[in-house]
Amino acid sequence: MNDNVAGLHRVFDTGATLPLDWRREQLRRMKGMITAHRKDIEHAVYLDLGKPAAETALMEIKLVLDEIKFVEPRLARWSGRHHVTMPLLMQPARSWTITEPKGVILVISPWNYPLMLSLEPMVDAIAAGNCVCLKPSELSPNTSALLQRLIGEYLDPRAFAVVQGAVPETTELLRQPFDHIFYTGNGRVGSIVMEAAAKQLTPVTLELGSKSPVFVDASANLDVAAGRIAWGRFTNAGQTCVAPDYVLTTPELVEPLAQKISAFTHKFFGDNPAESASYGRIVNTRQFDRLAGLLPTDGKAFSGGETNRERLYIAPTILTNVRPDDPVMQEEIFGPILPILAVRDAREAVKFINRRPKPLALYVFSRSKATRLLFERHTSSGALGFNLPLGHLLSSRLPFGGIGASGMGSYHGKAGFLEFSHVKTVTSKPTFPDTLRIAYPPYRNILR
Ligand code: NAD
């Protein structure tokens, strides 16, 4: 491991990753790698998560290809000189900024979108001209092994390393010197990563989880809201960081909304989702047991609630008899369970949300301009979506990241390019005339 990381530093120091042509070439190779191995990727992700191939195609493969397509033609512009004017007092002088790659980046990724969450940060890091050490998740071993093989085969082997392993290996990796650590996963490990990084003053990006709330009011188109909430919640069997975690709505809407969302789950996955080719599975028994423990002990779900431990199956489940102090409201659910809670109005929803850690995403279904403004101005979250769960994740033009407990820093597109770059200020002043002399002592109080 030491040799691996030291090797990456040596390669970076040679300047091999600086030329824009090298960066473009790596991105093209990554595109070729994904395109040639679509089926292998879909199969590996299916083995790891039981994820339907269509979901892998849209939410993993397409997202990485879109990111490459967006970043590649723009990286020359982003990394070029940006001239700015110097203050009058400094004239004559010129100044500009350039971006330089940070160096060797450690990307630690989780299991829930094992391809996308490994390669999308890599795309941005490559665009910025860095070497990358990737540590994919041990909980998605098929995808991790495939990534290791393909990255070794397709990308410049001098500049990229894939280290597989679990806690001991990652702990050891975190002792190595890196120029930036990009971590995606849960907040508990996020603080372990940040503590390790602090020892070496290494900057970090933390892409963490949260309970992402949804608010629905009576002015909303309930049918559309129900469909979009069901899609956002039950894609990947609920194991999506920006999935709607719980719904807040006014008391009279709890029942009709629950009914409509439930109707959508039937449309999506049929009467027995366990047999549906469009419905995923829980990643492992540990997660299964945790989620099963969040189901009501009396078995009374509004709909769903069926489980099969052997098949790691939990039906799309909607809960309506939920109190804010129930276990299901204490932690990120990260599974196919959706509690719906009553609040008096939008103001109470805002208070409810603001009393809790800042979420990665917040979704509002309302036609009221005042309500939208209320959420825009008086809540804080990584992203805010009006009538649109998950949508912001799909655009390379939008920064993606959390705030507070849901993370720090952001990536995708230009935000990612900048996250992995240092923006360096350059100034230049002619030696003649030597106007700086007016600032030299003895002082004459020229500004008074
Ligand atoms: P995970 O268990 O795969 O862990 C993530 C990574 O951390 C893995 O590579 C793992 O090896 C490493 N790791 C685990 N324990 C460690 C330790 N003690 N020290 C050092 N490294 C360690 O994934 P997870 O954390 O279960 O992922 C799910 C969480 O991630 C959820 O909270 C989810 O919301 C969040 N998430 C966030 C985003 C985002 O973009 N913000 C995306 C996906 C998932």
# chains A, B, ... in the order shown; residues from 1 in each chain; ligands from 1
>>> closest_atom_pairs(of="range 331-390 of chain A", to="range 205-214 of chain A", cutoff="7 Å", atoms="only C-alpha atoms", output="tab-separated table")
residue	atom	partner	partner_atom	distance
A:Glu331	CA	A:Lys211	CA	7.0
A:Glu332	CA	A:Lys211	CA	4.8
A:Pro359	CA	A:Ser210	CA	5.1
A:Leu360	CA	A:Ser210	CA	5.7
A:Ala361	CA	A:Ser212	CA	5.1
A:Leu362	CA	A:Pro213	CA	5.2
A:Tyr363	CA	A:Val214	CA	4.6
A:Val364	CA	A:Val214	CA	5.7
>>> write_last_selection(atoms="N, CA and C atoms", output="JSON list (two decimals), in the first residue's frame")
[["chain", "number", "residue", "atom", "x", "y", "z"],
["A", 331, "GLU", "N", -33.00, 7.83, 12.61],
["A", 331, "GLU", "CA", -31.82, 7.62, 11.78],
["A", 331, "GLU", "C", -32.25, 7.59, 10.31],
["A", 332, "GLU", "N", -31.28, 7.80, 9.44],
["A", 332, "GLU", "CA", -31.55, 7.69, 8.00],
["A", 332, "GLU", "C", -32.07, 6.28, 7.73],
["A", 359, "PRO", "N", -30.35, 18.27, 6.10],
["A", 359, "PRO", "CA", -30.42, 17.12, 5.18],
["A", 359, "PRO", "C", -29.64, 17.33, 3.88],
["A", 360, "LEU", "N", -29.36, 16.20, 3.22],
["A", 360, "LEU", "CA", -28.68, 16.24, 1.93],
["A", 360, "LEU", "C", -29.62, 16.80, 0.85],
["A", 361, "ALA", "N", -30.90, 16.48, 0.99],
["A", 361, "ALA", "CA", -31.88, 17.00, 0.03],
["A", 361, "ALA", "C", -33.20, 17.23, 0.74],
["A", 362, "LEU", "N", -33.96, 18.16, 0.19],
["A", 362, "LEU", "CA", -35.29, 18.48, 0.74],
["A", 362, "LEU", "C", -36.20, 18.69, -0.46],
["A", 363, "TYR", "N", -37.37, 18.08, -0.42],
["A", 363, "TYR", "CA", -38.28, 18.15, -1.57],
["A", 363, "TYR", "C", -39.62, 18.75, -1.15],
["A", 364, "VAL", "N", -40.14, 19.64, -1.99],
["A", 364, "VAL", "CA", -41.40, 20.30, -1.67],
["A", 364, "VAL", "C", -42.35, 20.16, -2.84]]
>>> residues_near_ligand(ligand="ligand 1", cutoff="6 Å", atoms="only C-alpha atoms and all ligand atoms", output="ChimeraX atom specification")
/A:108-111,135-139,166-167,170-171,184-186,189,207-210,241
>>> write_last_selection(atoms="all heavy atoms", output="compact mmCIF listing (two decimals), in the first residue's frame")
# COMPACT_ATOMS: atom_id res chain seq x y z
N ILE A 108 -12.82 7.26 -1.53
CA ILE A 108 -13.38 6.11 -0.78
C ILE A 108 -14.88 6.06 -1.10
O ILE A 108 -15.60 7.03 -0.86
CB ILE A 108 -13.20 6.27 0.75
CG1 ILE A 108 -11.72 6.50 1.09
CG2 ILE A 108 -13.75 5.07 1.49
CD1 ILE A 108 -11.46 6.75 2.57
N SER A 109 -15.33 4.93 -1.66
CA SER A 109 -16.73 4.91 -2.13
C SER A 109 -17.55 3.83 -1.42
O SER A 109 -17.00 2.86 -0.92
CB SER A 109 -16.76 4.72 -3.65
OG SER A 109 -16.10 3.54 -4.01
N PRO A 110 -18.87 4.01 -1.40
CA PRO A 110 -19.76 3.05 -0.73
C PRO A 110 -20.38 2.06 -1.73
O PRO A 110 -20.10 2.11 -2.93
CB PRO A 110 -20.83 3.96 -0.15
CG PRO A 110 -20.97 5.04 -1.15
CD PRO A 110 -19.64 5.19 -1.84
N TRP A 111 -21.24 1.21 -1.20
CA TRP A 111 -21.77 0.09 -1.97
C TRP A 111 -23.06 0.39 -2.73
O TRP A 111 -23.45 -0.37 -3.60
CB TRP A 111 -22.05 -1.09 -1.02
CG TRP A 111 -22.87 -0.68 0.17
CD1 TRP A 111 -22.38 -0.27 1.39
CD2 TRP A 111 -24.29 -0.57 0.26
NE1 TRP A 111 -23.41 0.08 2.23
CE2 TRP A 111 -24.61 -0.10 1.56
CE3 TRP A 111 -25.36 -0.81 -0.62
CZ2 TRP A 111 -25.91 0.12 2.00
CZ3 TRP A 111 -26.65 -0.60 -0.18
CH2 TRP A 111 -26.92 -0.13 1.11
N LYS A 135 -10.63 3.44 -3.34
CA LYS A 135 -10.91 2.36 -2.38
C LYS A 135 -12.42 2.10 -2.45
O LYS A 135 -13.21 2.75 -1.78
CB LYS A 135 -10.51 2.82 -0.97
CG LYS A 135 -10.01 1.72 -0.05
CD LYS A 135 -10.97 0.57 0.14
CE LYS A 135 -12.15 0.93 1.00
NZ LYS A 135 -13.18 -0.12 1.11
N PRO A 136 -12.82 1.15 -3.31
CA PRO A 136 -14.25 0.86 -3.42
C PRO A 136 -14.73 0.05 -2.21
O PRO A 136 -13.91 -0.42 -1.43
CB PRO A 136 -14.34 0.04 -4.71
CG PRO A 136 -13.01 -0.59 -4.87
CD PRO A 136 -12.00 0.29 -4.17
N SER A 137 -16.04 -0.12 -2.10
CA SER A 137 -16.58 -0.75 -0.89
C SER A 137 -16.43 -2.27 -0.90
O SER A 137 -16.67 -2.92 -1.92
CB SER A 137 -18.06 -0.39 -0.74
OG SER A 137 -18.58 -1.02 0.41
N GLU A 138 -16.10 -2.80 0.26
CA GLU A 138 -16.02 -4.25 0.42
C GLU A 138 -17.41 -4.88 0.42
O GLU A 138 -17.55 -6.10 0.30
CB GLU A 138 -15.27 -4.60 1.71
CG GLU A 138 -15.98 -4.27 3.02
CD GLU A 138 -15.91 -2.80 3.43
OE1 GLU A 138 -15.58 -1.94 2.57
OE2 GLU A 138 -16.19 -2.51 4.61
N LEU A 139 -18.45 -4.06 0.56
CA LEU A 139 -19.80 -4.61 0.61
C LEU A 139 -20.42 -4.77 -0.78
O LEU A 139 -21.53 -5.27 -0.92
CB LEU A 139 -20.70 -3.72 1.49
CG LEU A 139 -20.18 -3.54 2.93
CD1 LEU A 139 -21.11 -2.67 3.74
CD2 LEU A 139 -20.01 -4.90 3.61
N ALA A 166 -11.43 -3.72 3.58
CA ALA A 166 -12.48 -3.22 4.49
C ALA A 166 -11.84 -2.23 5.47
O ALA A 166 -10.96 -1.46 5.10
CB ALA A 166 -13.13 -4.40 5.19
N VAL A 167 -12.26 -2.30 6.73
CA VAL A 167 -11.81 -1.29 7.70
C VAL A 167 -10.28 -1.29 7.89
O VAL A 167 -9.67 -0.22 7.82
CB VAL A 167 -12.55 -1.46 9.05
CG1 VAL A 167 -12.05 -0.47 10.08
CG2 VAL A 167 -14.06 -1.29 8.85
N THR A 170 -8.60 0.30 4.89
CA THR A 170 -8.92 1.74 4.74
C THR A 170 -8.22 2.54 5.84
O THR A 170 -7.72 3.65 5.59
CB THR A 170 -10.45 1.97 4.81
OG1 THR A 170 -11.09 0.94 4.07
CG2 THR A 170 -10.82 3.31 4.22
N THR A 171 -8.15 1.95 7.03
CA THR A 171 -7.47 2.63 8.13
C THR A 171 -6.00 2.85 7.77
O THR A 171 -5.45 3.93 7.99
CB THR A 171 -7.58 1.78 9.43
OG1 THR A 171 -8.97 1.49 9.64
CG2 THR A 171 -7.03 2.51 10.63
N THR A 184 -17.35 9.12 0.39
CA THR A 184 -18.82 9.00 0.33
C THR A 184 -19.23 7.85 1.22
O THR A 184 -18.72 6.73 1.09
CB THR A 184 -19.30 8.71 -1.10
OG1 THR A 184 -18.76 9.69 -1.99
CG2 THR A 184 -20.82 8.76 -1.19
N GLY A 185 -20.18 8.10 2.11
CA GLY A 185 -20.66 7.04 3.00
C GLY A 185 -21.34 7.64 4.21
O GLY A 185 -21.80 8.78 4.17
N ASN A 186 -21.40 6.87 5.28
CA ASN A 186 -22.15 7.36 6.45
C ASN A 186 -21.32 8.34 7.29
O ASN A 186 -20.09 8.36 7.23
CB ASN A 186 -22.67 6.17 7.28
CG ASN A 186 -21.54 5.44 7.97
OD1 ASN A 186 -20.96 5.91 8.95
ND2 ASN A 186 -21.17 4.27 7.44
N VAL A 189 -18.38 7.16 9.86
CA VAL A 189 -17.07 6.94 9.23
C VAL A 189 -16.54 8.28 8.68
O VAL A 189 -15.33 8.51 8.68
CB VAL A 189 -17.16 5.86 8.14
CG1 VAL A 189 -15.83 5.71 7.41
CG2 VAL A 189 -17.58 4.52 8.74
N GLU A 207 -19.22 13.29 1.44
CA GLU A 207 -20.56 13.14 0.85
C GLU A 207 -21.30 12.15 1.74
O GLU A 207 -21.10 10.94 1.62
CB GLU A 207 -20.44 12.61 -0.59
CG GLU A 207 -19.71 13.55 -1.54
CD GLU A 207 -20.60 14.71 -2.01
OE1 GLU A 207 -21.84 14.61 -1.90
OE2 GLU A 207 -20.05 15.72 -2.49
N LEU A 208 -22.12 12.66 2.64
CA LEU A 208 -22.71 11.80 3.68
C LEU A 208 -24.21 11.59 3.45
O LEU A 208 -24.77 12.04 2.45
CB LEU A 208 -22.45 12.43 5.06
CG LEU A 208 -20.98 12.82 5.31
CD1 LEU A 208 -20.84 13.49 6.67
CD2 LEU A 208 -20.05 11.61 5.21
N GLY A 209 -24.83 10.94 4.39
CA GLY A 209 -26.26 10.65 4.24
C GLY A 209 -27.09 11.58 5.10
O GLY A 209 -26.57 12.46 5.77
N SER A 210 -28.40 11.38 5.07
CA SER A 210 -29.29 12.19 5.91
C SER A 210 -30.71 11.67 5.78
O SER A 210 -30.99 10.83 4.93
CB SER A 210 -29.28 13.65 5.47
OG SER A 210 -30.13 13.84 4.36
N CYS A 241 -28.83 7.87 -1.41
CA CYS A 241 -28.55 8.89 -0.40
C CYS A 241 -29.53 10.06 -0.43
O CYS A 241 -29.82 10.65 0.61
CB CYS A 241 -27.12 9.41 -0.56
SG CYS A 241 -26.80 10.05 -2.20
>>> atom_distance(atom1="CA of Pro256 in chain A", atom2="CA of Pro296 in chain A")
20.6 Å
>>> atom_distance(atom1="CA of Ser276 in chain A", atom2="CA of Pro52 in chain A")
9.5 Å
>>> residues_around(residues="Met329 in chain A", least_positions_apart="4", cutoff="12 Å", atoms="only C-alpha atoms", output="PyMOL selection string")
chain A and resi 210-213+245-248+294-295+319+321-325+333-334+337-341+352-353+356
>>> closest_residue(among="A:Lys260, A:Arg311, A:Arg77, A:Lys39", to="Leu222 in chain A", atoms="only C-alpha atoms")
A:Lys260
>>> atom_distance(atom1="CA of Glu306 in chain A", atom2="CA of Ser262 in chain A")
13.9 Å
